[in-house]
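Asks: Dropping a structure here in structure tokens format, bear with me for questions.
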Amino acid sequence: MSIPLDKFIQELDSASPGFKLKVGQLYPVAFNIQISGMPKFSINLNQNNQSFNFSEHIDAQFSLSLNIFSALNAIKNKIVPSESISGNIEDAVIFLGVIAHLDIDLELLIYKHFGDIPALILRKVLLGAEKGSSSESRSVSNNQLLKTFRDISIRLDRLEHSLIK
């Protein structure tokens, strides 16, 4: 199954002017992504077709194999561990370097398409990661974050219950 990325790329271009121009210079790009616990998927970008595929690309230029924490770290800090890249490493470094140097307002995109609660959760995660540096403070921060998620879940359940009646 394949999902066209035309509208998504237009959204990225509006959130980060020049996105299409910078990434378009690298076309064609085809790569696979494996995040632990999820099936492999691929992204294919060329002049005629930009698509997200729920299957592995046979002729991928490179592949990324990440666990959930390295994937979140890659999104937040724009750093992908070198051991996570296989295939044509030069193409991967150039593509990821262009993506890393784009200033994409991820929080705005999440707010626009998923609403304020997911955007607030993202903000809480990003601010929580910046605060604590020691493992003890991170543990306290993680517990506070989990408590916040539980509180939000309880509120949503109550709201849903009241709307059903």
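Residue numbering restarts at 1 for every chain of the structure tokens, chains are lettered A, B, ... in their displayed order, and ligands are numbered from 1 as they appear.
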If we count only C-alpha atoms and set the cut-off at 8 Å, which residues sit around segment 40-43 of chain A, ignoring sequence neighbours fewer than 6 positions away in its own chain? Please answer as a list of chain:residue names.
Replies: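 Contacts, in chain order: A:Val29, A:Ala30, A:Phe31, A:Asn32, A:Ile33, A:Gln34, A:Gln50, A:Ser51, A:Phe52, A:Asn53, A:Phe54, A:Ser55, A:Glu56, A:His57.
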Asks: Quick one: pick out all helix (DSSP H, G or I) residues within segment 7-103 of chain A from a backbone DSSP run and write them as JSON, numbers by chain.
Replies: {"A": [7, 8, 9, 10, 11, 12, 13, 14, 15, 19, 20, 21, 22, 23, 24, 68, 69, 70, 71, 72, 73, 74, 75, 76, 77, 82, 83, 84, 89, 90, 91, 92, 93, 94, 95, 96, 97, 98, 99, 100]}
Asks: Do a neighbour search on Leu26 of chain A at 9 Å with only C-alpha atoms, toss out local chain neighbours closer than 3 positions, and write the hits as a ChimeraX atom specification.
Replies: /A:22-23,29,45-46,91,94-95
Asks: Generate the output file for the selected residues, all heavy atoms, as a CSV table (one decimal), in the first residue's frame.
Replies:
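Below is the file selection_28.csv, written as the result:
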chain,number,residue,atom,x,y,z
A,22,LYS,N,15.1,22.6,-1.7
A,22,LYS,CA,16.3,21.9,-1.2
A,22,LYS,C,16.3,20.4,-1.3
A,22,LYS,O,17.2,19.8,-1.7
A,22,LYS,CB,16.5,22.3,0.3
A,22,LYS,CG,16.9,23.7,0.5
A,22,LYS,CD,17.0,24.1,1.9
A,22,LYS,CE,17.3,25.6,2.1
A,22,LYS,NZ,17.2,26.0,3.5
A,23,VAL,N,15.1,19.8,-1.0
A,23,VAL,CA,15.0,18.3,-1.1
A,23,VAL,C,14.9,17.9,-2.6
A,23,VAL,O,15.4,16.9,-3.0
A,23,VAL,CB,13.8,17.8,-0.3
A,23,VAL,CG1,13.6,16.4,-0.5
A,23,VAL,CG2,14.1,18.1,1.2
A,29,VAL,N,15.3,9.9,-4.5
A,29,VAL,CA,15.7,9.3,-3.2
A,29,VAL,C,14.7,8.2,-2.8
A,29,VAL,O,13.5,8.5,-2.9
A,29,VAL,CB,15.8,10.4,-2.1
A,29,VAL,CG1,16.2,9.8,-0.8
A,29,VAL,CG2,16.7,11.5,-2.4
A,45,LEU,N,11.0,9.4,-3.2
A,45,LEU,CA,10.9,10.8,-3.6
A,45,LEU,C,11.5,10.9,-5.0
A,45,LEU,O,12.7,10.7,-5.1
A,45,LEU,CB,11.5,11.7,-2.6
A,45,LEU,CG,11.1,11.6,-1.1
A,45,LEU,CD1,12.0,12.4,-0.2
A,45,LEU,CD2,9.6,12.1,-1.0
A,46,ASN,N,10.8,11.4,-5.9
A,46,ASN,CA,11.3,11.8,-7.2
A,46,ASN,C,10.4,12.9,-7.8
A,46,ASN,O,9.5,13.2,-7.2
A,46,ASN,CB,11.5,10.6,-8.2
A,46,ASN,CG,10.2,9.9,-8.5
A,46,ASN,OD1,9.2,10.5,-8.8
A,46,ASN,ND2,10.2,8.5,-8.4
A,91,ASP,N,24.8,9.1,0.3
A,91,ASP,CA,23.5,9.6,0.0
A,91,ASP,C,22.7,9.8,1.3
A,91,ASP,O,22.0,10.8,1.4
A,91,ASP,CB,22.7,8.6,-0.9
A,91,ASP,CG,23.2,8.6,-2.3
A,91,ASP,OD1,24.0,9.5,-2.7
A,91,ASP,OD2,22.9,7.6,-3.0
A,94,ILE,N,24.0,13.0,3.1
A,94,ILE,CA,23.6,14.2,2.4
A,94,ILE,C,22.1,14.5,2.6
A,94,ILE,O,21.7,15.6,2.9
A,94,ILE,CB,23.9,14.1,0.8
A,94,ILE,CG1,25.5,14.1,0.7
A,94,ILE,CG2,23.3,15.2,0.1
A,94,ILE,CD1,25.9,13.8,-0.7
A,95,PHE,N,21.3,13.5,2.4
A,95,PHE,CA,19.8,13.7,2.6
A,95,PHE,C,19.5,14.1,4.0
A,95,PHE,O,18.8,15.0,4.2
A,95,PHE,CB,19.1,12.4,2.2
A,95,PHE,CG,17.6,12.5,2.3
A,95,PHE,CD1,16.8,13.2,1.4
A,95,PHE,CD2,17.0,11.9,3.4
A,95,PHE,CE1,15.5,13.3,1.5
A,95,PHE,CE2,15.6,12.0,3.6
A,95,PHE,CZ,14.8,12.7,2.6
Asks: By how many Å are atom CA of Ile3 of chain A and atom CA of Gly18 of chain A apart?
Replies: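 Distance reported for this atom pair: 22.9 Å.
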Asks: With only C-alpha atoms as the counted atoms, please give the residues lying no more than 12 Å from Ser70 of chain A, apart from itself and same-chain residues fewer than 2 positions off, as a list in words.
Replies: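 Contacts, in chain order: Gln34, Ile35, Ser36, Leu64, Ser65, Leu66, Asn67, Ile68, Leu72, Asn73, Ala74, Ile75, Lys76, Asn77, Lys78, Ile79, Val80, Pro81, Ser82, Glu83 and Ser84 of chain A.
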Asks: Take the residues that were just selected and, keeping C-alpha atoms, output them as a JSON list (two decimals), in the first residue's frame.
Replies:
[["chain", "number", "residue", "atom", "x", "y", "z"],
["A", 34, "GLN", "CA", 12.91, 0.18, 10.35],
["A", 35, "ILE", "CA", 11.80, 1.30, 13.81],
["A", 36, "SER", "CA", 11.89, -1.46, 16.40],
["A", 64, "LEU", "CA", 17.71, 3.43, 8.63],
["A", 65, "SER", "CA", 17.32, 0.96, 11.51],
["A", 66, "LEU", "CA", 16.30, 2.77, 14.68],
["A", 67, "ASN", "CA", 14.85, 1.90, 18.04],
["A", 68, "ILE", "CA", 12.08, 4.15, 19.37],
["A", 72, "LEU", "CA", 12.69, 10.31, 18.89],
["A", 73, "ASN", "CA", 16.23, 11.60, 19.42],
["A", 74, "ALA", "CA", 16.64, 11.94, 15.65],
["A", 75, "ILE", "CA", 13.46, 14.03, 15.48],
["A", 76, "LYS", "CA", 14.35, 16.20, 18.48],
["A", 77, "ASN", "CA", 18.12, 16.63, 18.15],
["A", 78, "LYS", "CA", 18.45, 15.94, 14.42],
["A", 79, "ILE", "CA", 21.08, 13.29, 15.10],
["A", 80, "VAL", "CA", 20.97, 9.80, 13.59],
["A", 81, "PRO", "CA", 23.52, 7.30, 14.94],
["A", 82, "SER", "CA", 25.93, 6.24, 12.21],
["A", 83, "GLU", "CA", 25.48, 2.55, 13.08],
["A", 84, "SER", "CA", 21.79, 2.94, 12.18]]
Asks: Write down as a list in words the residues belonging to segment 27-129 of chain A that are assigned strand (DSSP E) by DSSP computed on the backbone.
Replies: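 Answer for segment 27-129 of chain A, restricted to strand (DSSP E): Val29, Ala30, Phe31, Asn32, Ile33, Gln34, Ile35, Phe41, Ser42, Ile43, Asn44, Leu45, Gln50, Ser51, Phe52, Asn53, Phe62, Ser63, Leu64, Ser65, Leu66, Ile85, Ser86 and Gly87 of chain A.
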Asks: With distances taken over only C-alpha atoms, which of A:Asn49, A:Ser86, A:Ser162, A:Ser153 is nearest to Leu5 of chain A?
Replies: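 Smallest distance to Leu5 of chain A is found for A:Asn49.
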Asks: Atom CA of Ile9 of chain A and atom CA of Pro28 of chain A are how many Å apart?
Replies: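 Calculated distance between atom CA of Ile9 of chain A and atom CA of Pro28 of chain A is 14.8 Å.
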Asks: Interatomic distance between atom CA of Leu106 of chain A and atom CA of Gln25 of chain A?
Replies: 22.6 Å
Asks: Which of these, A:Ser16, A:Asn44, A:Met38, A:Tyr111, has the shortest distance to Pro4 of chain A once you count only C-alpha atoms?
Replies: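 Of A:Ser16, A:Asn44, A:Met38, A:Tyr111, the one nearest Pro4 of chain A is A:Asn44, counting only C-alpha atoms.
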Asks: For each of A:Asp116, A:Glu107, A:Asp13, A:Glu90, take the minimum atom-to-atom distance to Phe62 of chain A, counting only C-alpha atoms, then give the residue where this is smallest.
Replies: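 Nearest candidate to Phe62 of chain A out of A:Asp116, A:Glu107, A:Asp13, A:Glu90: A:Glu90.
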